[in-house]
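Structure below is coords-v4.cif: mmCIF, C-alpha atoms and all ligand atoms.
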```
data_my_file
#
loop_
_atom_site.group_PDB
_atom_site.id
_atom_site.type_symbol
_atom_site.label_atom_id
_atom_site.label_comp_id
_atom_site.auth_asym_id
_atom_site.auth_seq_id
_atom_site.Cartn_x
_atom_site.Cartn_y
_atom_site.Cartn_z
ATOM 1 C CA MET V 1 0.000 0.000 0.000
ATOM 2 C CA ILE V 2 2.694 2.463 1.082
ATOM 3 C CA GLN V 3 6.356 1.971 0.325
ATOM 4 C CA VAL V 4 8.969 4.343 1.754
ATOM 5 C CA ASN V 5 12.290 3.868 -0.065
ATOM 6 C CA ASP V 6 15.580 5.278 1.271
ATOM 7 C CA VAL V 7 13.839 8.469 2.283
ATOM 8 C CA GLY V 8 15.757 11.406 3.711
ATOM 9 C CA LYS V 9 14.563 14.859 4.666
ATOM 10 C CA SER V 10 16.689 17.854 5.601
ATOM 11 C CA TYR V 11 15.829 21.389 6.559
ATOM 12 C CA GLY V 12 18.944 23.319 5.538
ATOM 13 C CA ASN V 13 21.830 21.480 7.165
ATOM 14 C CA LEU V 14 19.602 19.688 9.637
ATOM 15 C CA ALA V 15 18.961 16.063 8.641
ATOM 16 C CA VAL V 16 15.538 15.303 10.109
ATOM 17 C CA LEU V 17 15.052 11.873 8.513
ATOM 18 C CA GLN V 18 17.684 9.516 7.110
ATOM 19 C CA ASP V 19 17.607 6.150 5.344
ATOM 20 C CA VAL V 20 13.968 5.439 6.083
ATOM 21 C CA ASN V 21 12.815 2.179 4.478
ATOM 22 C CA TRP V 22 9.374 1.025 5.462
ATOM 23 C CA THR V 23 6.461 -0.882 3.950
ATOM 24 C CA VAL V 24 2.866 -0.598 5.098
ATOM 25 C CA GLN V 25 0.481 -3.281 3.856
ATOM 26 C CA GLU V 26 -3.137 -2.537 3.087
ATOM 27 C CA GLY V 27 -5.339 -2.730 6.184
ATOM 28 C CA GLU V 28 -2.523 -2.604 8.728
ATOM 29 C CA TRP V 29 -2.545 -0.286 11.711
ATOM 30 C CA TRP V 30 0.946 1.037 12.404
ATOM 31 C CA GLY V 31 1.966 3.152 15.351
ATOM 32 C CA ILE V 32 4.936 5.485 15.033
ATOM 33 C CA ILE V 33 6.668 6.080 18.345
ATOM 34 C CA GLY V 34 9.832 7.894 19.388
ATOM 35 C CA PRO V 35 10.982 10.928 21.367
ATOM 36 C CA ASN V 36 10.041 14.528 20.599
ATOM 37 C CA GLY V 37 11.873 15.791 17.547
ATOM 38 C CA SER V 38 12.688 12.323 16.190
ATOM 39 C CA GLY V 39 10.942 13.044 12.868
ATOM 40 C CA LYS V 40 7.541 11.382 13.367
ATOM 41 C CA SER V 41 5.416 14.282 12.136
ATOM 42 C CA THR V 42 7.842 14.917 9.286
ATOM 43 C CA LEU V 43 7.433 11.330 8.102
ATOM 44 C CA LEU V 44 3.637 11.715 8.092
ATOM 45 C CA GLN V 45 3.968 14.987 6.176
ATOM 46 C CA LEU V 46 6.096 13.282 3.521
ATOM 47 C CA ILE V 47 3.532 10.500 3.128
ATOM 48 C CA SER V 48 0.630 12.960 2.884
ATOM 49 C CA GLY V 49 2.546 15.025 0.338
ATOM 50 C CA VAL V 50 2.535 18.179 2.494
ATOM 51 C CA GLU V 51 6.353 18.199 2.582
ATOM 52 C CA LYS V 52 8.776 17.096 -0.103
ATOM 53 C CA MET V 53 11.538 14.617 0.677
ATOM 54 C CA THR V 54 15.181 15.488 0.057
ATOM 55 C CA SER V 55 16.090 12.003 -1.155
ATOM 56 C CA GLY V 56 14.408 8.691 -1.889
ATOM 57 C CA ASP V 57 10.816 8.174 -2.883
ATOM 58 C CA ILE V 58 7.439 7.089 -1.558
ATOM 59 C CA THR V 59 4.944 5.057 -3.530
ATOM 60 C CA ILE V 60 1.292 4.538 -2.732
ATOM 61 C CA LYS V 61 -0.452 1.644 -4.426
ATOM 62 C CA GLY V 62 2.627 1.199 -6.577
ATOM 63 C CA LYS V 63 2.704 4.762 -7.892
ATOM 64 C CA ASP V 64 5.138 7.523 -6.875
ATOM 65 C CA ILE V 65 3.288 10.136 -4.808
ATOM 66 C CA LYS V 66 4.773 12.825 -7.043
ATOM 67 C CA GLY V 67 2.555 11.388 -9.783
ATOM 68 C CA TYR V 68 -0.679 11.983 -7.849
ATOM 69 C CA SER V 69 -2.572 15.266 -7.993
ATOM 70 C CA ARG V 70 -3.286 16.987 -4.684
ATOM 71 C CA LYS V 71 -6.982 16.260 -5.166
ATOM 72 C CA VAL V 72 -6.478 12.537 -5.692
ATOM 73 C CA LEU V 73 -4.118 12.384 -2.697
ATOM 74 C CA SER V 74 -6.737 14.014 -0.479
ATOM 75 C CA GLN V 75 -9.399 11.628 -1.742
ATOM 76 C CA MET V 76 -7.148 8.738 -0.823
ATOM 77 C CA MET V 77 -5.669 9.980 2.461
ATOM 78 C CA ALA V 78 -7.027 11.825 5.467
ATOM 79 C CA VAL V 79 -4.919 13.478 8.146
ATOM 80 C CA LEU V 80 -6.007 14.178 11.704
ATOM 81 C CA GLU V 81 -3.771 16.003 14.163
ATOM 82 C CA GLN V 82 -3.790 16.389 17.916
ATOM 83 C CA ASP V 83 -6.138 19.347 17.864
ATOM 84 C CA GLY V 84 -8.105 18.070 14.908
ATOM 85 C CA LEU V 85 -10.395 21.065 14.524
ATOM 86 C CA PRO V 86 -10.117 24.717 15.420
ATOM 87 C CA ALA V 87 -12.897 25.978 17.720
ATOM 88 C CA MET V 88 -14.808 27.370 14.750
ATOM 89 C CA ASP V 89 -18.334 28.642 14.846
ATOM 90 C CA TYR V 90 -19.878 26.069 12.508
ATOM 91 C CA PRO V 91 -22.529 23.471 13.308
ATOM 92 C CA VAL V 92 -21.297 19.900 13.719
ATOM 93 C CA ARG V 93 -23.185 18.653 10.659
ATOM 94 C CA ASP V 94 -21.622 21.312 8.407
ATOM 95 C CA VAL V 95 -18.152 20.352 9.581
ATOM 96 C CA LEU V 96 -18.755 16.711 8.674
ATOM 97 C CA GLU V 97 -19.937 17.860 5.256
ATOM 98 C CA MET V 98 -16.636 19.717 4.815
ATOM 99 C CA GLY V 99 -15.023 16.275 4.769
ATOM 100 C CA ARG V 100 -16.674 15.759 1.376
ATOM 101 C CA PHE V 101 -14.760 18.674 -0.116
ATOM 102 C CA PRO V 102 -12.262 16.548 -2.126
ATOM 103 C CA PHE V 103 -15.221 14.861 -3.828
ATOM 104 C CA GLN V 104 -17.101 17.991 -4.846
ATOM 105 C CA ASP V 105 -16.981 19.694 -8.208
ATOM 106 C CA TRP V 106 -16.550 23.443 -8.554
ATOM 107 C CA LEU V 107 -20.256 23.965 -7.907
ATOM 108 C CA GLY V 108 -20.025 22.102 -4.625
ATOM 109 C CA ARG V 109 -21.915 19.076 -5.966
ATOM 110 C CA ASP V 110 -20.813 15.736 -4.554
ATOM 111 C CA GLN V 111 -19.580 13.213 -7.103
ATOM 112 C CA VAL V 112 -21.427 10.475 -5.235
ATOM 113 C CA ASP V 113 -25.103 10.493 -4.371
ATOM 114 C CA HIS V 114 -24.844 8.673 -1.064
ATOM 115 C CA ALA V 115 -23.199 11.611 0.748
ATOM 116 C CA ASP V 116 -26.238 12.473 2.902
ATOM 117 C CA ILE V 117 -26.752 8.884 4.009
ATOM 118 C CA LEU V 118 -23.031 8.569 4.644
ATOM 119 C CA ILE V 119 -22.979 11.616 6.922
ATOM 120 C CA GLU V 120 -26.094 10.519 8.768
ATOM 121 C CA GLY V 121 -24.528 7.107 9.382
ATOM 122 C CA ILE V 122 -21.300 8.612 10.701
ATOM 123 C CA MET V 123 -23.199 10.953 13.022
ATOM 124 C CA ALA V 124 -25.039 7.943 14.432
ATOM 125 C CA ARG V 125 -21.892 5.850 14.831
ATOM 126 C CA LEU V 126 -20.019 8.636 16.589
ATOM 127 C CA GLU V 127 -23.021 9.599 18.741
ATOM 128 C CA LEU V 128 -23.031 13.062 17.223
ATOM 129 C CA LEU V 129 -26.736 13.215 16.309
ATOM 130 C CA GLU V 130 -27.667 15.057 19.487
ATOM 131 C CA LEU V 131 -24.856 17.550 18.811
ATOM 132 C CA SER V 132 -25.777 17.980 15.154
ATOM 133 C CA ASP V 133 -26.778 21.669 15.292
ATOM 134 C CA ARG V 134 -24.377 22.705 18.048
ATOM 135 C CA SER V 135 -21.482 24.982 17.162
ATOM 136 C CA VAL V 136 -18.097 23.266 17.224
ATOM 137 C CA ALA V 137 -16.804 26.257 19.222
ATOM 138 C CA GLU V 138 -19.026 25.243 22.175
ATOM 139 C CA LEU V 139 -17.921 21.622 22.377
ATOM 140 C CA SER V 140 -15.488 20.043 24.823
ATOM 141 C CA GLY V 141 -12.104 18.887 23.533
ATOM 142 C CA GLY V 142 -13.263 15.267 23.530
ATOM 143 C CA GLN V 143 -16.426 16.055 21.578
ATOM 144 C CA ARG V 144 -14.523 18.220 19.129
ATOM 145 C CA GLN V 145 -11.995 15.488 18.376
ATOM 146 C CA ARG V 146 -14.937 13.152 17.697
ATOM 147 C CA VAL V 147 -16.293 15.674 15.199
ATOM 148 C CA ALA V 148 -12.825 15.868 13.631
ATOM 149 C CA LEU V 149 -12.907 12.087 13.270
ATOM 150 C CA GLY V 150 -16.374 12.322 11.721
ATOM 151 C CA LYS V 151 -15.072 14.811 9.181
ATOM 152 C CA VAL V 152 -12.262 12.486 8.085
ATOM 153 C CA MET V 153 -14.670 9.528 8.014
ATOM 154 C CA ALA V 154 -16.911 11.526 5.660
ATOM 155 C CA GLN V 155 -13.886 11.792 3.416
ATOM 156 C CA GLU V 156 -13.940 7.973 3.042
ATOM 157 C CA PRO V 157 -10.164 7.731 2.700
ATOM 158 C CA GLN V 158 -8.262 4.495 2.173
ATOM 159 C CA ILE V 159 -5.433 5.679 4.405
ATOM 160 C CA LEU V 160 -5.781 7.496 7.726
ATOM 161 C CA LEU V 161 -2.804 9.417 9.130
ATOM 162 C CA LEU V 162 -3.112 10.404 12.795
ATOM 163 C CA ASP V 163 -0.609 12.674 14.544
ATOM 164 C CA GLU V 164 -0.938 12.370 18.330
ATOM 165 C CA PRO V 165 -4.731 12.327 18.067
ATOM 166 C CA THR V 166 -5.353 11.631 21.757
ATOM 167 C CA THR V 167 -2.877 14.034 23.348
ATOM 168 C CA PHE V 168 -5.474 16.460 24.698
ATOM 169 C CA LEU V 169 -8.076 13.887 25.684
ATOM 170 C CA ASP V 170 -8.853 12.417 29.091
ATOM 171 C CA ILE V 171 -8.539 8.641 29.438
ATOM 172 C CA HIS V 172 -12.220 8.054 28.647
ATOM 173 C CA TYR V 173 -12.035 9.985 25.393
ATOM 174 C CA GLN V 174 -8.614 8.522 24.566
ATOM 175 C CA LEU V 175 -10.009 5.011 24.660
ATOM 176 C CA GLN V 176 -13.215 6.059 22.929
ATOM 177 C CA PHE V 177 -11.273 7.699 20.098
ATOM 178 C CA MET V 178 -9.058 4.661 19.571
ATOM 179 C CA GLU V 179 -12.073 2.301 19.687
ATOM 180 C CA LEU V 180 -13.885 4.389 17.078
ATOM 181 C CA VAL V 181 -10.878 4.195 14.768
ATOM 182 C CA ALA V 182 -10.619 0.448 15.428
ATOM 183 C CA ASN V 183 -14.316 -0.038 14.559
ATOM 184 C CA TRP V 184 -13.992 2.047 11.444
ATOM 185 C CA ARG V 185 -11.025 -0.022 10.365
ATOM 186 C CA ALA V 186 -12.875 -3.270 11.088
ATOM 187 C CA ASN V 187 -15.782 -2.083 8.927
ATOM 188 C CA SER V 188 -13.882 -0.542 6.042
ATOM 189 C CA GLY V 189 -10.430 -2.138 5.959
ATOM 190 C CA ILE V 190 -8.788 1.285 6.095
ATOM 191 C CA THR V 191 -5.003 1.474 6.566
ATOM 192 C CA VAL V 192 -4.030 3.470 9.671
ATOM 193 C CA ILE V 193 -0.736 5.125 10.605
ATOM 194 C CA ALA V 194 -0.786 6.851 13.988
ATOM 195 C CA VAL V 195 1.927 8.809 15.754
ATOM 196 C CA LEU V 196 1.281 8.016 19.415
ATOM 197 C CA HIS V 197 3.011 9.123 22.581
ATOM 198 C CA ASP V 198 1.034 6.761 24.740
ATOM 199 C CA LEU V 199 2.893 3.484 24.407
ATOM 200 C CA ASN V 200 0.205 1.613 26.331
ATOM 201 C CA LEU V 201 -2.497 2.656 23.885
ATOM 202 C CA ALA V 202 -0.146 1.914 20.990
ATOM 203 C CA ALA V 203 0.420 -1.610 22.344
ATOM 204 C CA GLN V 204 -3.309 -2.271 22.508
ATOM 205 C CA PHE V 205 -4.433 -0.940 19.166
ATOM 206 C CA CYS V 206 -1.543 -1.149 16.699
ATOM 207 C CA ASP V 207 -0.548 -4.305 14.814
ATOM 208 C CA LYS V 208 2.972 -2.994 14.343
ATOM 209 C CA LEU V 209 5.165 -0.236 15.712
ATOM 210 C CA LEU V 210 7.837 1.811 13.954
ATOM 211 C CA VAL V 211 10.363 3.421 16.277
ATOM 212 C CA LEU V 212 12.108 6.613 15.200
ATOM 213 C CA GLN V 213 15.169 7.923 16.978
ATOM 214 C CA GLU V 214 17.015 10.992 15.754
ATOM 215 C CA GLY V 215 15.484 10.630 12.314
ATOM 216 C CA GLN V 216 16.365 6.992 11.826
ATOM 217 C CA ILE V 217 14.466 3.762 12.276
ATOM 218 C CA ALA V 218 15.403 2.190 15.612
ATOM 219 C CA GLY V 219 13.094 -0.788 15.287
ATOM 220 C CA MET V 220 9.927 -2.100 13.746
ATOM 221 C CA GLY V 221 7.729 -5.020 14.601
ATOM 222 C CA THR V 222 4.850 -6.131 16.777
ATOM 223 C CA PRO V 223 4.277 -4.350 20.111
ATOM 224 C CA GLN V 224 5.571 -7.509 21.822
ATOM 225 C CA ASP V 225 8.805 -7.291 19.841
ATOM 226 C CA ILE V 226 9.265 -3.553 20.176
ATOM 227 C CA LEU V 227 8.199 -2.689 23.709
ATOM 228 C CA THR V 228 11.101 -4.197 25.581
ATOM 229 C CA GLU V 229 12.788 -2.665 28.592
ATOM 230 C CA SER V 230 16.106 -2.300 26.790
ATOM 231 C CA ARG V 231 14.661 -0.613 23.713
ATOM 232 C CA ILE V 232 12.530 1.845 25.681
ATOM 233 C CA GLN V 233 15.591 2.585 27.796
ATOM 234 C CA ASP V 234 17.723 3.264 24.719
ATOM 235 C CA VAL V 235 15.179 5.336 22.875
ATOM 236 C CA TYR V 236 13.580 7.380 25.662
ATOM 237 C CA GLU V 237 16.340 7.349 28.304
ATOM 238 C CA VAL V 238 14.095 6.071 31.060
ATOM 239 C CA ASP V 239 14.258 2.839 32.975
ATOM 240 C CA PRO V 240 10.850 1.212 32.577
ATOM 241 C CA VAL V 241 9.263 -1.988 33.778
ATOM 242 C CA ILE V 242 7.276 -3.812 31.119
ATOM 243 C CA VAL V 243 4.422 -5.989 32.310
ATOM 244 C CA ASN V 244 1.964 -8.113 30.407
ATOM 245 C CA HIS V 245 -1.541 -6.722 30.855
ATOM 246 C CA PRO V 246 -3.288 -9.380 32.980
ATOM 247 C CA ASP V 247 -6.517 -9.297 30.938
ATOM 248 C CA ILE V 248 -5.484 -8.609 27.380
ATOM 249 C CA GLU V 249 -1.932 -9.962 27.123
ATOM 250 C CA VAL V 250 -0.258 -6.907 25.630
ATOM 251 C CA PRO V 251 2.897 -5.268 26.949
ATOM 252 C CA GLN V 252 2.317 -2.226 29.142
ATOM 253 C CA VAL V 253 4.970 0.216 30.226
ATOM 254 C CA LEU V 254 5.307 1.241 33.866
ATOM 255 C CA LEU V 255 7.461 4.197 34.830
ATOM 256 C CA ALA V 256 8.861 5.099 38.200
ATOM 257 C CA ARG V 257 10.111 8.519 39.176
ATOM 258 C CA SER V 258 13.275 7.288 40.854
ATOM 259 C CA LYS V 259 14.217 5.440 37.704
ATOM 260 C CA LEU V 260 14.483 8.547 35.495
ATOM 261 C CA LYS V 261 18.070 8.424 34.291
HETATM 262 P P1 LIG V 301 8.373 14.770 16.061
HETATM 263 O O1 LIG V 301 7.045 14.809 15.383
HETATM 264 O O2 LIG V 301 8.954 13.401 16.176
HETATM 265 O O3 LIG V 301 8.354 15.444 17.396
HETATM 266 P P2 LIG V 301 9.200 16.499 13.901
HETATM 267 O O4 LIG V 301 9.075 15.665 12.687
HETATM 268 O O5 LIG V 301 8.135 17.496 14.164
HETATM 269 O O6 LIG V 301 9.419 15.571 15.167
HETATM 270 O O7 LIG V 301 10.562 17.285 13.846
HETATM 271 C C1 LIG V 301 11.814 16.657 13.643
HETATM 272 C C2 LIG V 301 12.891 17.700 13.596
HETATM 273 O O8 LIG V 301 12.709 18.517 12.444
HETATM 274 C C3 LIG V 301 12.931 18.646 14.772
HETATM 275 O O9 LIG V 301 14.261 18.897 15.100
HETATM 276 C C4 LIG V 301 12.255 19.889 14.243
HETATM 277 O O10 LIG V 301 12.732 21.037 14.897
HETATM 278 C C5 LIG V 301 12.661 19.866 12.778
HETATM 279 N N1 LIG V 301 11.681 20.525 11.909
HETATM 280 C C6 LIG V 301 10.396 20.106 11.708
HETATM 281 N N2 LIG V 301 9.758 20.909 10.824
HETATM 282 C C7 LIG V 301 10.651 21.860 10.468
HETATM 283 C C8 LIG V 301 10.614 22.986 9.571
HETATM 284 N N3 LIG V 301 9.497 23.283 8.878
HETATM 285 N N4 LIG V 301 11.743 23.729 9.448
HETATM 286 C C9 LIG V 301 12.847 23.420 10.143
HETATM 287 N N5 LIG V 301 12.967 22.369 10.981
HETATM 288 C C10 LIG V 301 11.883 21.602 11.153
HETATM 289 MG MG MG V 302 5.252 15.589 16.000
#
```
Just give me the structure as structure tokens.
Amino acid sequence: MIQVNDVGKSYGNLAVLQDVNWTVQEGEWWGIIGPNGSGKSTLLQLISGVEKMTSGDITIKGKDIKGYSRKVLSQMMAVLEQDGLPAMDYPVRDVLEMGRFPFQDWLGRDQVDHADILIEGIMARLELLELSDRSVAELSGGQRQRVALGKVMAQEPQILLLDEPTTFLDIHYQLQFMELVANWRANSGITVIAVLHDLNLAAQFCDKLLVLQEGQIAGMGTPQDILTESRIQDVYEVDPVIVNHPDIEVPQVLLARSKLK
């Protein structure tokens, strides 16, 4: 689905990404983890075509991304960031409809005729029907991020890129957000790439993890393979304890204050 070949990215003399080789298969959910400044957001921006790489190439469905028009890229890929929507004074329903923008002609007509049903279905799935006429500006952070997810669902992308989507959410909304993405993926087979700071959420939801450290790949594999005490110690400079979650058998990272190196 996505092939990243020998990709490098520099800003002036600063090499932000180097020698990145990575393959994402259709339908996989990858987490990208790594310290602040390790190049995670930059990698997403290269895949979405927002930034241009300095070397190497990226193909999507076998075709170089340079060969896709911006419109086709935005039909294929949706991006959601940590504060997915500004606190704008638009009703929730209108914001979901904005997700259809890549599919509208210059008169604002949707190329497909199921758009209304689609939006209604998303509102129901995300429990947004009761908020339908409320202004996004009045919503809580957790509600607003759900609307942001609804907008990207309306876009019906094949690839979803998430950049720290749960950072500002409390634990209830963090889990809810991740579950909604998981359900969407189960229903549609969408490919998901998510930059996540929360390693414990990453371990539960992602099939595979890619670790970036100073712009280079420091590991990739299943959460079980990646979330080891020695790797977390190397990459984050902390001294964690990894335990197996007693109910769901995934690695979970415990930190202790005295163990900060
Ligand atoms: P992460 O998302 O892992 O925290 P980023 O990809 O945002 O890291 O940034 C990686 C490095 O690239 C950082 O050192 C950052 O300062 C630098 N960087 C990111 N964007 C720019 C830019 N537009 N111009 C210059 N440097 C940038
Ligand atoms: Mg970032």
>> For region 38-54 of chain V, find every residue with an atom within 6 Å (counting only C-alpha atoms), except residues of its own chain fewer than 3 positions away, and show them as a PyMOL selection string.
In response: chain V and resi 8-9+16+35+212-215
>> For the PyMOL selection byres (((chain V and resi 181-189) around 8) and not hetatm), applied here, can you spell out every residue it catches as a ChimeraX atom specification?
In response: /V:26-27,158,177-180,190-192,205
> Could you write out as a list in words the residues that the PyMOL selection byres (((chain V and resi 31) around 7) and not hetatm) matches in the shown file?
Replying inline: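 For this structure, the PyMOL selection byres (((chain V and resi 31) around 7) and not hetatm) captures Trp29, Trp30, Ile32, Ile33, Ile193, Ala194, Val195, Leu196, Ala202, Cys206, Lys208, Leu209 and Leu210 of chain V.
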> Can you list, as a PyMOL selection string, the residues that the PyMOL selection byres (((chain V and resi 224-230) around 9) and not hetatm) selects here?
Replying inline: chain V and resi 199+203+208-211+219-223+231-235+239-242+250-253
> Near Arg100 (chain V), counting only C-alpha atoms, which residues have an atom at most 8 Å away, once you skip same-chain residues fewer than 5 positions from it, shown as a list in words?
Replying inline: Asp110, Ala115, Ala154 and Gln155 of chain V
>> I'd like the interatomic distance between atom MG of ligand MG 302 (chain V) and CA of Gly37 (chain V), to a tenth of an Å.
In response: 6.8 Å
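Candidate residues V:Gly62, V:Gly150, V:Gly142, V:Gly56 were compared for distance to Leu169 (chain V), and the nearest is V:Gly142, using all atoms listed in the file.
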> For Gln82 (chain V), which of V:Gln25, V:Gln3, V:Asn244, V:Gln174 is the closest residue, counting all atoms listed in the file?
Replying inline: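 Smallest distance to Gln82 (chain V) is found for V:Gln174.
Interatomic distance, CA of Val238 (chain V) against CA of Gln18 (chain V): 24.5 Å.
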> Separation of CA of Tyr173 (chain V) and CA of Ile117 (chain V), in Å?
Replying inline: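 A separation of 26.0 Å between them.
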>> Using all atoms listed in the file, can you tell me which of V:Val112, V:Leu80, V:Met88, V:Leu254 comes closest to Thr166 (chain V)?
In response: V:Leu80
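Nearest to Asp19 (chain V) of all the residues V:Val95, V:Ile2, V:Val7, V:Val243 is V:Val7, based on all atoms listed in the file.
With all atoms listed in the file as the atoms that count, the residue of V:Lys63, V:Arg93, V:Arg134, V:Arg70 with the shortest distance to Gly121 (chain V) is V:Arg93.
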N, CA and C atoms modelled onto region 131-146 of chain V, as a PDB file, keeping the file's coordinate frame:
```pdb
ATOM      1  N   LEU V 131     -25.667  16.323  18.892  1.00  0.00           N
ATOM      2  CA  LEU V 131     -24.856  17.550  18.811  1.00  0.00           C
ATOM      3  C   LEU V 131     -24.973  18.216  17.436  1.00  0.00           C
ATOM      4  N   SER V 132     -25.760  17.616  16.568  1.00  0.00           N
ATOM      5  CA  SER V 132     -25.777  17.980  15.154  1.00  0.00           C
ATOM      6  C   SER V 132     -25.805  19.487  14.851  1.00  0.00           C
ATOM      7  N   ASP V 133     -26.633  20.235  15.594  1.00  0.00           N
ATOM      8  CA  ASP V 133     -26.778  21.669  15.292  1.00  0.00           C
ATOM      9  C   ASP V 133     -25.938  22.553  16.213  1.00  0.00           C
ATOM     10  N   ARG V 134     -25.209  21.921  17.127  1.00  0.00           N
ATOM     11  CA  ARG V 134     -24.377  22.705  18.048  1.00  0.00           C
ATOM     12  C   ARG V 134     -23.155  23.243  17.321  1.00  0.00           C
ATOM     13  N   SER V 135     -22.696  24.411  17.744  1.00  0.00           N
ATOM     14  CA  SER V 135     -21.482  24.982  17.162  1.00  0.00           C
ATOM     15  C   SER V 135     -20.259  24.240  17.704  1.00  0.00           C
ATOM     16  N   VAL V 136     -19.326  23.952  16.821  1.00  0.00           N
ATOM     17  CA  VAL V 136     -18.097  23.266  17.224  1.00  0.00           C
ATOM     18  C   VAL V 136     -17.360  24.066  18.307  1.00  0.00           C
ATOM     19  N   ALA V 137     -17.491  25.391  18.254  1.00  0.00           N
ATOM     20  CA  ALA V 137     -16.804  26.257  19.222  1.00  0.00           C
ATOM     21  C   ALA V 137     -17.256  25.995  20.659  1.00  0.00           C
ATOM     22  N   GLU V 138     -18.483  25.460  20.817  1.00  0.00           N
ATOM     23  CA  GLU V 138     -19.026  25.243  22.175  1.00  0.00           C
ATOM     24  C   GLU V 138     -18.692  23.873  22.739  1.00  0.00           C
ATOM     25  N   LEU V 139     -18.086  23.009  21.944  1.00  0.00           N
ATOM     26  CA  LEU V 139     -17.921  21.622  22.377  1.00  0.00           C
ATOM     27  C   LEU V 139     -16.681  21.450  23.251  1.00  0.00           C
ATOM     28  N   SER V 140     -16.681  20.386  24.044  1.00  0.00           N
ATOM     29  CA  SER V 140     -15.488  20.043  24.823  1.00  0.00           C
ATOM     30  C   SER V 140     -14.432  19.473  23.872  1.00  0.00           C
ATOM     31  N   GLY V 141     -13.199  19.420  24.356  1.00  0.00           N
ATOM     32  CA  GLY V 141     -12.104  18.887  23.533  1.00  0.00           C
ATOM     33  C   GLY V 141     -12.391  17.479  23.031  1.00  0.00           C
ATOM     34  N   GLY V 142     -12.970  16.653  23.901  1.00  0.00           N
ATOM     35  CA  GLY V 142     -13.263  15.267  23.530  1.00  0.00           C
ATOM     36  C   GLY V 142     -14.336  15.182  22.456  1.00  0.00           C
ATOM     37  N   GLN V 143     -15.367  16.037  22.597  1.00  0.00           N
ATOM     38  CA  GLN V 143     -16.426  16.055  21.578  1.00  0.00           C
ATOM     39  C   GLN V 143     -15.884  16.582  20.257  1.00  0.00           C
ATOM     40  N   ARG V 144     -15.034  17.601  20.355  1.00  0.00           N
ATOM     41  CA  ARG V 144     -14.523  18.220  19.129  1.00  0.00           C
ATOM     42  C   ARG V 144     -13.640  17.237  18.348  1.00  0.00           C
ATOM     43  N   GLN V 145     -12.843  16.458  19.064  1.00  0.00           N
ATOM     44  CA  GLN V 145     -11.995  15.488  18.376  1.00  0.00           C
ATOM     45  C   GLN V 145     -12.858  14.403  17.716  1.00  0.00           C
ATOM     46  N   ARG V 146     -14.017  14.114  18.313  1.00  0.00           N
ATOM     47  CA  ARG V 146     -14.937  13.152  17.697  1.00  0.00           C
ATOM     48  C   ARG V 146     -15.531  13.733  16.414  1.00  0.00           C
TER      49      ARG V 146
END
```
